[in-house]
$ cat work_32.txt   # compact mmCIF, C-alpha atoms
# COMPACT_ATOMS: atom_id res chain seq x y z
CA MET A 1 27.83 -8.61 -10.74
CA LEU A 2 24.57 -9.33 -8.94
CA LEU A 3 22.72 -6.79 -11.08
CA HIS A 4 24.37 -8.10 -14.23
CA ASP A 5 23.55 -11.72 -13.40
CA THR A 6 19.99 -10.84 -12.42
CA GLY A 7 19.53 -9.00 -15.71
CA LEU A 8 20.73 -12.03 -17.67
CA VAL A 9 18.39 -14.42 -15.89
CA TYR A 10 15.50 -11.94 -16.06
CA GLY A 11 15.97 -11.44 -19.81
CA ARG A 12 16.10 -15.17 -20.46
CA TYR A 13 12.84 -15.92 -18.70
CA LEU A 14 11.09 -12.78 -19.96
CA ARG A 15 11.81 -13.82 -23.54
CA GLN A 16 10.28 -17.20 -22.77
CA SER A 17 7.15 -15.51 -21.45
CA LEU A 18 6.85 -13.20 -24.45
CA ARG A 19 7.00 -16.18 -26.80
CA SER A 20 3.97 -17.67 -25.02
CA ARG A 21 1.33 -14.98 -25.54
CA PHE A 22 -1.48 -17.43 -24.85
CA ALA A 23 -0.13 -18.05 -21.36
CA LEU A 24 0.06 -14.30 -20.68
CA LEU A 25 -3.61 -13.85 -21.51
CA PHE A 26 -4.79 -17.09 -19.94
CA GLY A 27 -3.31 -16.08 -16.57
CA VAL A 28 -5.73 -13.14 -16.30
CA LEU A 29 -8.74 -15.13 -17.51
CA MET A 30 -10.12 -16.19 -14.11
CA PRO A 31 -10.11 -12.67 -12.58
CA LEU A 32 -11.71 -11.36 -15.76
CA LEU A 33 -14.49 -13.93 -15.48
CA TYR A 34 -15.12 -12.88 -11.87
CA LEU A 35 -15.15 -9.27 -13.02
CA LEU A 36 -17.63 -9.87 -15.84
CA PHE A 37 -19.98 -12.36 -14.20
CA PHE A 38 -19.66 -11.68 -10.47
CA GLY A 39 -19.07 -7.93 -10.37
CA PRO A 40 -22.48 -6.88 -11.74
CA LEU A 41 -24.19 -8.90 -8.97
CA LEU A 42 -22.65 -6.59 -6.35
CA THR A 43 -23.90 -3.34 -7.85
CA ASP A 44 -26.00 -1.32 -5.38
CA LEU A 45 -25.58 -3.93 -2.63
CA PRO A 46 -24.70 -2.64 0.88
CA LEU A 47 -21.16 -4.02 1.14
CA GLY A 48 -19.87 -1.63 3.77
CA GLY A 49 -16.90 0.67 3.39
CA SER A 50 -16.76 4.03 1.68
CA GLY A 51 -16.23 2.93 -1.91
CA SER A 52 -18.38 1.52 -4.67
CA SER A 53 -18.74 -2.21 -5.27
CA TRP A 54 -16.10 -2.00 -8.02
CA GLN A 55 -13.65 -0.30 -5.65
CA LEU A 56 -14.12 -3.24 -3.28
CA LEU A 57 -14.03 -6.04 -5.86
CA VAL A 58 -11.18 -4.98 -8.18
CA PRO A 59 -8.48 -4.83 -5.45
CA GLY A 60 -9.51 -8.33 -4.42
CA LEU A 61 -9.28 -9.57 -8.00
CA LEU A 62 -5.80 -8.06 -8.32
CA MET A 63 -4.79 -9.91 -5.17
CA GLN A 64 -6.30 -13.09 -6.58
CA LEU A 65 -4.30 -12.62 -9.76
CA GLY A 66 -1.07 -12.32 -7.79
CA LEU A 67 -1.97 -15.12 -5.37
CA PHE A 68 -2.74 -17.83 -7.90
CA GLY A 69 -0.35 -16.73 -10.62
CA ALA A 70 2.70 -16.58 -8.35
CA SER A 71 1.87 -19.58 -6.18
CA PHE A 72 2.02 -21.96 -9.14
CA ALA A 73 5.19 -20.44 -10.63
CA GLY A 74 7.24 -23.27 -9.15
CA PHE A 75 5.93 -25.69 -11.77
CA ALA A 76 8.53 -24.24 -14.16
CA VAL A 77 11.37 -25.14 -11.80
CA ILE A 78 10.13 -28.73 -11.53
CA LEU A 79 10.09 -29.00 -15.33
CA GLU A 80 13.54 -27.43 -15.64
CA ASN A 81 14.91 -29.78 -13.02
CA GLY A 82 13.59 -32.77 -14.95
CA GLN A 83 15.12 -31.47 -18.19
CA GLY A 84 18.54 -30.82 -16.63
CA VAL A 85 18.37 -27.03 -16.99
CA LEU A 86 19.10 -26.44 -13.31
CA GLU A 87 22.02 -28.84 -13.46
CA ARG A 88 23.58 -26.80 -16.26
CA MET A 89 22.98 -23.54 -14.40
CA ARG A 90 24.71 -24.96 -11.34
CA VAL A 91 28.08 -25.10 -13.11
CA THR A 92 27.94 -21.42 -14.13
CA PRO A 93 29.37 -18.60 -11.97
CA VAL A 94 25.97 -16.86 -11.83
CA SER A 95 24.92 -15.79 -8.33
CA ARG A 96 22.36 -18.05 -6.67
CA LEU A 97 20.46 -14.94 -5.58
CA ALA A 98 20.38 -13.76 -9.20
CA LEU A 99 18.87 -17.10 -10.26
CA LEU A 100 15.99 -16.41 -7.91
CA LEU A 101 15.65 -12.64 -8.46
CA GLY A 102 15.64 -12.98 -12.24
CA ARG A 103 12.75 -15.41 -12.05
CA VAL A 104 10.63 -13.48 -9.57
CA LEU A 105 11.19 -10.14 -11.34
CA ARG A 106 9.97 -11.78 -14.55
CA ASP A 107 6.88 -12.95 -12.67
CA ALA A 108 6.28 -9.43 -11.34
CA THR A 109 6.60 -8.01 -14.87
CA VAL A 110 4.08 -10.50 -16.24
CA PHE A 111 1.73 -9.61 -13.39
CA ALA A 112 2.03 -5.89 -14.18
CA PHE A 113 0.91 -6.53 -17.76
CA GLN A 114 -2.00 -8.71 -16.64
CA ALA A 115 -3.00 -6.26 -13.91
CA VAL A 116 -3.19 -3.38 -16.38
CA LEU A 117 -5.50 -5.46 -18.60
CA LEU A 118 -7.70 -6.28 -15.62
CA VAL A 119 -7.96 -2.67 -14.44
CA LEU A 120 -8.72 -1.42 -17.96
CA ALA A 121 -11.52 -3.99 -18.21
CA ALA A 122 -12.78 -2.88 -14.78
CA VAL A 123 -12.81 0.77 -15.89
CA ALA A 124 -14.94 -0.24 -18.86
CA MET A 125 -17.30 -2.02 -16.44
CA GLY A 126 -17.65 1.04 -14.21
CA LEU A 127 -14.63 1.27 -11.91
CA ARG A 128 -13.69 4.80 -10.88
CA ALA A 129 -10.58 5.15 -8.74
CA PRO A 130 -7.84 7.79 -8.33
CA LEU A 131 -4.73 7.15 -10.40
CA PRO A 132 -2.36 7.27 -7.37
CA GLY A 133 -4.52 4.65 -5.66
CA VAL A 134 -4.40 2.39 -8.71
CA LEU A 135 -0.61 2.72 -8.89
CA ILE A 136 -0.27 1.99 -5.18
CA GLY A 137 -2.38 -1.12 -5.72
CA PHE A 138 -0.03 -2.26 -8.48
CA VAL A 139 2.95 -1.89 -6.13
CA PHE A 140 1.30 -3.88 -3.34
CA VAL A 141 0.30 -6.77 -5.56
CA ALA A 142 3.60 -6.77 -7.47
CA LEU A 143 5.41 -7.25 -4.15
CA LEU A 144 2.93 -9.98 -3.25
CA THR A 145 3.67 -11.66 -6.57
CA LEU A 146 7.40 -11.43 -5.95
CA SER A 147 7.04 -12.88 -2.45
CA LEU A 148 4.79 -15.78 -3.37
CA ALA A 149 6.84 -16.64 -6.46
CA ALA A 150 9.97 -16.87 -4.31
CA LEU A 151 8.21 -19.22 -1.89
CA SER A 152 6.78 -21.22 -4.79
CA TYR A 153 10.24 -21.73 -6.28
CA ALA A 154 11.57 -22.74 -2.86
CA LEU A 155 8.81 -25.33 -2.49
CA ALA A 156 9.43 -26.62 -6.00
CA MET A 157 13.07 -27.25 -5.11
CA LYS A 158 11.94 -29.44 -2.21
CA VAL A 159 9.43 -31.64 -4.03
CA ARG A 160 10.14 -34.05 -6.87
CA THR A 161 7.02 -34.18 -9.01
CA PRO A 162 4.14 -31.90 -10.07
CA GLN A 163 1.81 -34.37 -8.35
CA GLU A 164 3.34 -33.39 -5.03
CA PHE A 165 3.59 -29.68 -5.80
CA GLY A 166 0.04 -29.04 -7.01
CA PRO A 167 -1.91 -30.34 -3.99
CA ALA A 168 0.48 -28.59 -1.58
CA VAL A 169 -0.06 -25.23 -3.29
CA ASN A 170 -3.83 -25.73 -3.47
CA ALA A 171 -3.94 -26.51 0.25
CA LEU A 172 -2.38 -23.11 0.95
CA THR A 173 -3.95 -20.86 -1.68
CA MET A 174 -7.61 -21.79 -1.25
CA PRO A 175 -7.80 -21.00 2.51
CA SER A 176 -5.79 -17.85 1.82
CA MET A 177 -8.33 -16.67 -0.75
CA LEU A 178 -11.35 -17.52 1.40
CA LEU A 179 -10.01 -15.98 4.61
CA SER A 180 -8.51 -12.83 3.10
CA GLY A 181 -11.79 -11.30 1.95
CA LEU A 182 -10.72 -11.06 -1.66
CA MET A 183 -14.23 -11.30 -3.06
CA LEU A 184 -16.14 -9.53 -0.27
CA PRO A 185 -15.07 -7.69 2.91
CA MET A 186 -14.72 -10.06 5.86
CA THR A 187 -16.67 -7.58 8.00
CA LEU A 188 -19.81 -8.87 6.28
CA GLY A 189 -19.34 -12.28 7.88
CA PRO A 190 -19.79 -13.45 11.47
CA ALA A 191 -17.48 -12.03 14.12
CA TRP A 192 -15.50 -15.26 14.57
CA LEU A 193 -14.71 -15.40 10.84
CA ASP A 194 -13.63 -11.76 10.81
CA VAL A 195 -11.30 -12.41 13.76
CA LEU A 196 -9.87 -15.53 12.12
CA SER A 197 -9.17 -13.64 8.92
CA HIS A 198 -6.81 -11.29 10.77
CA LEU A 199 -4.41 -14.22 11.12
CA MET A 200 -4.05 -14.23 7.34
CA PRO A 201 -1.39 -11.76 6.08
CA PHE A 202 -3.18 -11.18 2.78
CA ARG A 203 -6.13 -9.65 4.65
CA TYR A 204 -3.99 -6.61 5.47
CA LEU A 205 -2.83 -6.22 1.88
CA VAL A 206 -6.31 -6.27 0.38
CA ASP A 207 -7.60 -3.82 3.01
CA ALA A 208 -4.74 -1.44 2.16
CA VAL A 209 -5.38 -1.62 -1.58
CA ARG A 210 -9.10 -1.00 -1.06
CA ASP A 211 -8.28 2.12 0.94
CA ALA A 212 -5.98 3.27 -1.87
CA TYR A 213 -8.75 2.77 -4.44
CA VAL A 214 -11.02 5.19 -2.58
CA GLY A 215 -8.23 7.74 -2.11
CA HIS A 216 -7.51 7.06 1.58
CA TYR A 217 -3.73 6.87 1.92
CA ALA A 218 -2.99 7.78 5.56
CA THR A 219 -4.94 5.02 7.29
CA ALA A 220 -4.23 2.18 9.70
CA HIS A 221 -4.99 -0.31 6.94
CA MET A 222 -2.35 1.30 4.74
CA LEU A 223 0.21 1.19 7.56
CA TYR A 224 -0.45 -2.44 8.46
CA GLY A 225 -0.54 -3.46 4.80
CA THR A 226 2.82 -1.80 4.14
CA LEU A 227 4.47 -3.43 7.16
CA VAL A 228 3.12 -6.88 6.29
CA THR A 229 4.14 -6.52 2.64
CA VAL A 230 7.70 -5.48 3.46
CA ALA A 231 8.08 -8.26 6.03
CA LEU A 232 6.64 -10.89 3.70
CA THR A 233 8.88 -9.80 0.83
CA ALA A 234 12.04 -9.88 2.96
CA LEU A 235 11.18 -13.26 4.46
CA SER A 236 10.26 -14.84 1.12
CA VAL A 237 13.38 -13.70 -0.72
CA THR A 238 15.55 -14.85 2.20
CA VAL A 239 13.93 -18.29 2.30
CA GLY A 240 14.02 -18.66 -1.47
CA THR A 241 17.68 -17.68 -1.71
CA ARG A 242 18.67 -20.09 1.06
CA VAL A 243 16.85 -22.98 -0.59
CA PHE A 244 18.44 -22.20 -3.97
CA ARG A 245 21.89 -22.18 -2.38
CA THR A 246 21.50 -25.37 -0.37
CA ALA A 247 19.87 -27.18 -3.30
CA GLY A 248 22.77 -26.29 -5.56
CA ALA A 249 20.61 -24.60 -8.14
$ encode --input "work_32.txt" --output "structure tokens"
Amino acid sequence: MLLHDTGLVYGRYLRQSLRSRFALLFGVLMPLLYLLFFGPLLTDLPLGGSGSSWQLLVPGLLMQLGLFGASFAGFAVILENGQGVLERMRVTPVSRLALLLGRVLRDATVFAFQAVLLVLAAVAMGLRAPLPGVLIGFVFVALLTLSLAALSYALAMKVRTPQEFGPAVNALTMPSMLLSGLMLPMTLGPAWLDVLSHLMPFRYLVDAVRDAYVGHYATAHMLYGTLVTVALTALSVTVGTRVFRTAGA
């Protein structure tokens, strides 16, 4: 029943996304702008690491896509709550876990489409990376999208208005982007900033994806990134499910 209910919820929200093609393309716009206007500035610069500037930048842009796209997913729940959609769902026998999983799996699917567009654009700009590394990167950032979307929905169930939700998300996403080394490796900064960045879970994910993009799969970065990703996914889905149940969604 859980799989059946999740499929129903997933199909409902996926159809909504497919009807809004502009939103699908607009979500990948900011990483594409970074790719087109920021990426060429890094060519031939000594950025450290064993890969090219594109192999350093593109994993960070994929992480940025997942970070910002998933973190603001909760806006939809606030709108649905105001329109009475959640109230109507509450009287159905659908599993509360399915209500969450259907949403976050839709978000991961939308990310996969946007990520493919971004990587194809990066290949046209000069990215060269092994196919297994690119696929591993998709998996990492898809799980990040799933995790952050679950937390975003949980937060949206706790606040009442978009005016409360937006500033709270911004206060979390901006430090996360700056301290995770999405644009440039944190090793280029001062030692204290590099140490501080290790307190940010996303740092381990972006380091793992960058290793994958240069074909290094059996590394400490890959191990730490995998452990952090699995832990974050489990914690996020658990928190999101508990909030959906207690909120009566």
$ residues_near_point --input "work_32.txt" --point "(-16.6, -7.5, -2.5)" --cutoff "9 Å" --atoms "all atoms listed in the file" --output "list in words"
Gly39, Leu42, Leu47, Ser53, Trp54, Gln55, Leu56, Leu57, Val58, Gly60, Gly181, Leu182, Met183, Leu184, Pro185 and Met186 of chain A
$ closest_atom_pairs --input "work_32.txt" --of "stretch 74-154 of chain A" --to "stretch 162-172 of chain A" --cutoff "12 Å" --atoms "only C-alpha atoms" --output "CSV"
residue,atom,partner,partner_atom,distance
A:Gly74,CA,A:Phe165,CA,8.1
A:Phe75,CA,A:Pro162,CA,6.7
A:Ala76,CA,A:Pro162,CA,9.7
A:Val77,CA,A:Pro162,CA,10.0
A:Ile78,CA,A:Pro162,CA,6.9
A:Leu79,CA,A:Pro162,CA,8.5
A:Glu80,CA,A:Pro162,CA,11.8
A:Asn81,CA,A:Pro162,CA,11.4
A:Gly82,CA,A:Pro162,CA,10.7
A:Leu148,CA,A:Val169,CA,10.6
A:Ala149,CA,A:Val169,CA,11.5
A:Leu151,CA,A:Val169,CA,10.3
A:Ser152,CA,A:Val169,CA,8.1
A:Tyr153,CA,A:Phe165,CA,10.4
A:Ala154,CA,A:Phe165,CA,11.0
$ residues_around --input "work_32.txt" --residues "A:Thr187" --least-positions-apart "6" --cutoff "12 Å" --atoms "all atoms listed in the file" --output "PDB file with C-alpha atoms, keeping the file's coordinate frame"
ATOM      1  CA  PRO A  46     -24.700  -2.640   0.880  1.00  0.00           C
ATOM      2  CA  LEU A  47     -21.160  -4.020   1.140  1.00  0.00           C
ATOM      3  CA  GLY A  48     -19.870  -1.630   3.770  1.00  0.00           C
ATOM      4  CA  GLY A  49     -16.900   0.670   3.390  1.00  0.00           C
ATOM      5  CA  LEU A 179     -10.010 -15.980   4.610  1.00  0.00           C
ATOM      6  CA  SER A 180      -8.510 -12.830   3.100  1.00  0.00           C
ATOM      7  CA  GLY A 181     -11.790 -11.300   1.950  1.00  0.00           C
ATOM      8  CA  LEU A 193     -14.710 -15.400  10.840  1.00  0.00           C
ATOM      9  CA  ASP A 194     -13.630 -11.760  10.810  1.00  0.00           C
ATOM     10  CA  VAL A 195     -11.300 -12.410  13.760  1.00  0.00           C
ATOM     11  CA  LEU A 196      -9.870 -15.530  12.120  1.00  0.00           C
ATOM     12  CA  SER A 197      -9.170 -13.640   8.920  1.00  0.00           C
ATOM     13  CA  HIS A 198      -6.810 -11.290  10.770  1.00  0.00           C
ATOM     14  CA  ARG A 203      -6.130  -9.650   4.650  1.00  0.00           C
ATOM     15  CA  ASP A 207      -7.600  -3.820   3.010  1.00  0.00           C
TER      16      ASP A 207
END
$ closest_atom_pairs --input "work_32.txt" --of "stretch 76-142 of chain A" --to "stretch 11-29 of chain A" --cutoff "12 Å" --atoms "only C-alpha atoms" --output "JSON lines"
{"residue": "A:Ala76", "atom": "CA", "partner": "A:Tyr13", "partner_atom": "CA", "distance": 10.4}
{"residue": "A:Val77", "atom": "CA", "partner": "A:Tyr13", "partner_atom": "CA", "distance": 11.6}
{"residue": "A:Glu80", "atom": "CA", "partner": "A:Tyr13", "partner_atom": "CA", "distance": 11.9}
{"residue": "A:Ala98", "atom": "CA", "partner": "A:Gly11", "partner_atom": "CA", "distance": 11.7}
{"residue": "A:Leu99", "atom": "CA", "partner": "A:Tyr13", "partner_atom": "CA", "distance": 10.4}
{"residue": "A:Leu100", "atom": "CA", "partner": "A:Tyr13", "partner_atom": "CA", "distance": 11.3}
{"residue": "A:Leu101", "atom": "CA", "partner": "A:Tyr13", "partner_atom": "CA", "distance": 11.1}
{"residue": "A:Gly102", "atom": "CA", "partner": "A:Tyr13", "partner_atom": "CA", "distance": 7.6}
{"residue": "A:Arg103", "atom": "CA", "partner": "A:Tyr13", "partner_atom": "CA", "distance": 6.7}
{"residue": "A:Val104", "atom": "CA", "partner": "A:Tyr13", "partner_atom": "CA", "distance": 9.7}
{"residue": "A:Leu105", "atom": "CA", "partner": "A:Leu14", "partner_atom": "CA", "distance": 9.0}
{"residue": "A:Arg106", "atom": "CA", "partner": "A:Leu14", "partner_atom": "CA", "distance": 5.6}
{"residue": "A:Asp107", "atom": "CA", "partner": "A:Leu14", "partner_atom": "CA", "distance": 8.4}
{"residue": "A:Ala108", "atom": "CA", "partner": "A:Leu14", "partner_atom": "CA", "distance": 10.4}
{"residue": "A:Thr109", "atom": "CA", "partner": "A:Leu14", "partner_atom": "CA", "distance": 8.3}
{"residue": "A:Val110", "atom": "CA", "partner": "A:Leu24", "partner_atom": "CA", "distance": 7.1}
{"residue": "A:Phe111", "atom": "CA", "partner": "A:Val28", "partner_atom": "CA", "distance": 8.8}
{"residue": "A:Ala112", "atom": "CA", "partner": "A:Leu24", "partner_atom": "CA", "distance": 10.8}
{"residue": "A:Phe113", "atom": "CA", "partner": "A:Leu24", "partner_atom": "CA", "distance": 8.3}
{"residue": "A:Gln114", "atom": "CA", "partner": "A:Val28", "partner_atom": "CA", "distance": 5.8}
{"residue": "A:Ala115", "atom": "CA", "partner": "A:Val28", "partner_atom": "CA", "distance": 7.8}
{"residue": "A:Val116", "atom": "CA", "partner": "A:Val28", "partner_atom": "CA", "distance": 10.1}
{"residue": "A:Leu117", "atom": "CA", "partner": "A:Val28", "partner_atom": "CA", "distance": 8.0}
{"residue": "A:Leu118", "atom": "CA", "partner": "A:Val28", "partner_atom": "CA", "distance": 7.2}
{"residue": "A:Val119", "atom": "CA", "partner": "A:Val28", "partner_atom": "CA", "distance": 10.9}
{"residue": "A:Ala121", "atom": "CA", "partner": "A:Val28", "partner_atom": "CA", "distance": 11.0}
$ write_last_selection --input "work_32.txt" --atoms "C-alpha atoms" --output "tab-separated table (two decimals), keeping the file's coordinate frame"
chain	number	residue	atom	x	y	z
A	76	ALA	CA	8.53	-24.24	-14.16
A	77	VAL	CA	11.37	-25.14	-11.80
A	80	GLU	CA	13.54	-27.43	-15.64
A	98	ALA	CA	20.38	-13.76	-9.20
A	99	LEU	CA	18.87	-17.10	-10.26
A	100	LEU	CA	15.99	-16.41	-7.91
A	101	LEU	CA	15.65	-12.64	-8.46
A	102	GLY	CA	15.64	-12.98	-12.24
A	103	ARG	CA	12.75	-15.41	-12.05
A	104	VAL	CA	10.63	-13.48	-9.57
A	105	LEU	CA	11.19	-10.14	-11.34
A	106	ARG	CA	9.97	-11.78	-14.55
A	107	ASP	CA	6.88	-12.95	-12.67
A	108	ALA	CA	6.28	-9.43	-11.34
A	109	THR	CA	6.60	-8.01	-14.87
A	110	VAL	CA	4.08	-10.50	-16.24
A	111	PHE	CA	1.73	-9.61	-13.39
A	112	ALA	CA	2.03	-5.89	-14.18
A	113	PHE	CA	0.91	-6.53	-17.76
A	114	GLN	CA	-2.00	-8.71	-16.64
A	115	ALA	CA	-3.00	-6.26	-13.91
A	116	VAL	CA	-3.19	-3.38	-16.38
A	117	LEU	CA	-5.50	-5.46	-18.60
A	118	LEU	CA	-7.70	-6.28	-15.62
A	119	VAL	CA	-7.96	-2.67	-14.44
A	121	ALA	CA	-11.52	-3.99	-18.21
$ residues_around --input "work_32.txt" --residues "stretch 130-134 of chain A" --least-positions-apart "6" --cutoff "7 Å" --atoms "only C-alpha atoms" --output "list of chain:residue names"
A:Ala212, A:Tyr213, A:Gly215
$ atom_distance --input "work_32.txt" --atom1 "atom CA of A:Gly7" --atom2 "atom CA of A:Val159"
27.4 Å
$ closest_residue --input "work_32.txt" --among "A:Leu199, A:Thr173, A:Leu146, A:Leu178" --to "A:Ala234" --atoms "all atoms listed in the file"
A:Leu146
$ atom_distance --input "work_32.txt" --atom1 "atom CA of A:Ala70" --atom2 "atom CA of A:Asp211"
23.6 Å
$ residues_around --input "work_32.txt" --residues "A:Val230" --least-positions-apart "6" --cutoff "12 Å" --atoms "all atoms listed in the file" --output "number ranges by chain"
A: 139-144, 146-147, 201, 204-205, 223-224, 236-237
$ closest_residue --input "work_32.txt" --among "A:Leu97, A:Thr219, A:Met30, A:Phe38" --to "A:Asp5" --atoms "only C-alpha atoms"
A:Leu97
$ closest_residue --input "work_32.txt" --among "A:Leu67, A:Gly137, A:Thr238, A:Leu32" --to "A:Gly225" --atoms "all atoms listed in the file"
A:Gly137
$ atom_distance --input "work_32.txt" --atom1 "atom CA of A:Arg88" --atom2 "atom CA of A:Val239"
22.6 Å
$ residues_around --input "work_32.txt" --residues "A:Leu65" --least-positions-apart "3" --cutoff "7 Å" --atoms "only C-alpha atoms" --output "ChimeraX atom specification"
/A:28,31,61-62,68-69
$ build_atoms --input "work_32.txt" --residues "stretch 188-201 of chain A" --atoms "N, CA, C and O atoms" --output "PDB file, in the frame of the given file"
ATOM      1  N   LEU A 188     -18.442  -8.448   6.560  1.00  0.00           N
ATOM      2  CA  LEU A 188     -19.810  -8.870   6.280  1.00  0.00           C
ATOM      3  C   LEU A 188     -20.138 -10.213   6.910  1.00  0.00           C
ATOM      4  O   LEU A 188     -21.304 -10.580   7.018  1.00  0.00           O
ATOM      5  N   GLY A 189     -19.125 -10.958   7.304  1.00  0.00           N
ATOM      6  CA  GLY A 189     -19.340 -12.280   7.880  1.00  0.00           C
ATOM      7  C   GLY A 189     -19.515 -12.224   9.376  1.00  0.00           C
ATOM      8  O   GLY A 189     -19.506 -11.149   9.999  1.00  0.00           O
ATOM      9  N   PRO A 190     -19.673 -13.388  10.015  1.00  0.00           N
ATOM     10  CA  PRO A 190     -19.790 -13.450  11.470  1.00  0.00           C
ATOM     11  C   PRO A 190     -18.507 -12.984  12.138  1.00  0.00           C
ATOM     12  O   PRO A 190     -17.423 -13.004  11.538  1.00  0.00           O
ATOM     13  N   ALA A 191     -18.623 -12.600  13.402  1.00  0.00           N
ATOM     14  CA  ALA A 191     -17.480 -12.030  14.120  1.00  0.00           C
ATOM     15  C   ALA A 191     -16.314 -12.997  14.198  1.00  0.00           C
ATOM     16  O   ALA A 191     -15.152 -12.595  14.042  1.00  0.00           O
ATOM     17  N   TRP A 192     -16.591 -14.299  14.429  1.00  0.00           N
ATOM     18  CA  TRP A 192     -15.500 -15.260  14.570  1.00  0.00           C
ATOM     19  C   TRP A 192     -14.714 -15.415  13.274  1.00  0.00           C
ATOM     20  O   TRP A 192     -13.486 -15.598  13.297  1.00  0.00           O
ATOM     21  N   LEU A 193     -15.397 -15.293  12.125  1.00  0.00           N
ATOM     22  CA  LEU A 193     -14.710 -15.400  10.840  1.00  0.00           C
ATOM     23  C   LEU A 193     -13.870 -14.162  10.569  1.00  0.00           C
ATOM     24  O   LEU A 193     -12.756 -14.255  10.029  1.00  0.00           O
ATOM     25  N   ASP A 194     -14.386 -13.009  10.970  1.00  0.00           N
ATOM     26  CA  ASP A 194     -13.630 -11.760  10.810  1.00  0.00           C
ATOM     27  C   ASP A 194     -12.361 -11.798  11.651  1.00  0.00           C
ATOM     28  O   ASP A 194     -11.281 -11.397  11.209  1.00  0.00           O
ATOM     29  N   VAL A 195     -12.473 -12.301  12.889  1.00  0.00           N
ATOM     30  CA  VAL A 195     -11.300 -12.410  13.760  1.00  0.00           C
ATOM     31  C   VAL A 195     -10.290 -13.395  13.181  1.00  0.00           C
ATOM     32  O   VAL A 195      -9.080 -13.130  13.155  1.00  0.00           O
ATOM     33  N   LEU A 196     -10.764 -14.526  12.694  1.00  0.00           N
ATOM     34  CA  LEU A 196      -9.870 -15.530  12.120  1.00  0.00           C
ATOM     35  C   LEU A 196      -9.133 -14.996  10.904  1.00  0.00           C
ATOM     36  O   LEU A 196      -7.964 -15.326  10.672  1.00  0.00           O
ATOM     37  N   SER A 197      -9.796 -14.164  10.131  1.00  0.00           N
ATOM     38  CA  SER A 197      -9.170 -13.640   8.920  1.00  0.00           C
ATOM     39  C   SER A 197      -7.975 -12.743   9.218  1.00  0.00           C
ATOM     40  O   SER A 197      -7.102 -12.571   8.364  1.00  0.00           O
ATOM     41  N   HIS A 198      -7.942 -12.147  10.421  1.00  0.00           N
ATOM     42  CA  HIS A 198      -6.810 -11.290  10.770  1.00  0.00           C
ATOM     43  C   HIS A 198      -5.519 -12.079  10.978  1.00  0.00           C
ATOM     44  O   HIS A 198      -4.437 -11.485  11.079  1.00  0.00           O
ATOM     45  N   LEU A 199      -5.617 -13.392  11.046  1.00  0.00           N
ATOM     46  CA  LEU A 199      -4.410 -14.220  11.120  1.00  0.00           C
ATOM     47  C   LEU A 199      -3.807 -14.461   9.741  1.00  0.00           C
ATOM     48  O   LEU A 199      -2.709 -15.014   9.637  1.00  0.00           O
ATOM     49  N   MET A 200      -4.517 -14.040   8.709  1.00  0.00           N
ATOM     50  CA  MET A 200      -4.050 -14.230   7.340  1.00  0.00           C
ATOM     51  C   MET A 200      -3.379 -12.944   6.854  1.00  0.00           C
ATOM     52  O   MET A 200      -4.010 -11.881   6.808  1.00  0.00           O
ATOM     53  N   PRO A 201      -2.091 -12.989   6.492  1.00  0.00           N
ATOM     54  CA  PRO A 201      -1.390 -11.760   6.080  1.00  0.00           C
ATOM     55  C   PRO A 201      -2.032 -11.047   4.904  1.00  0.00           C
ATOM     56  O   PRO A 201      -2.025  -9.812   4.834  1.00  0.00           O
TER      57      PRO A 201
END
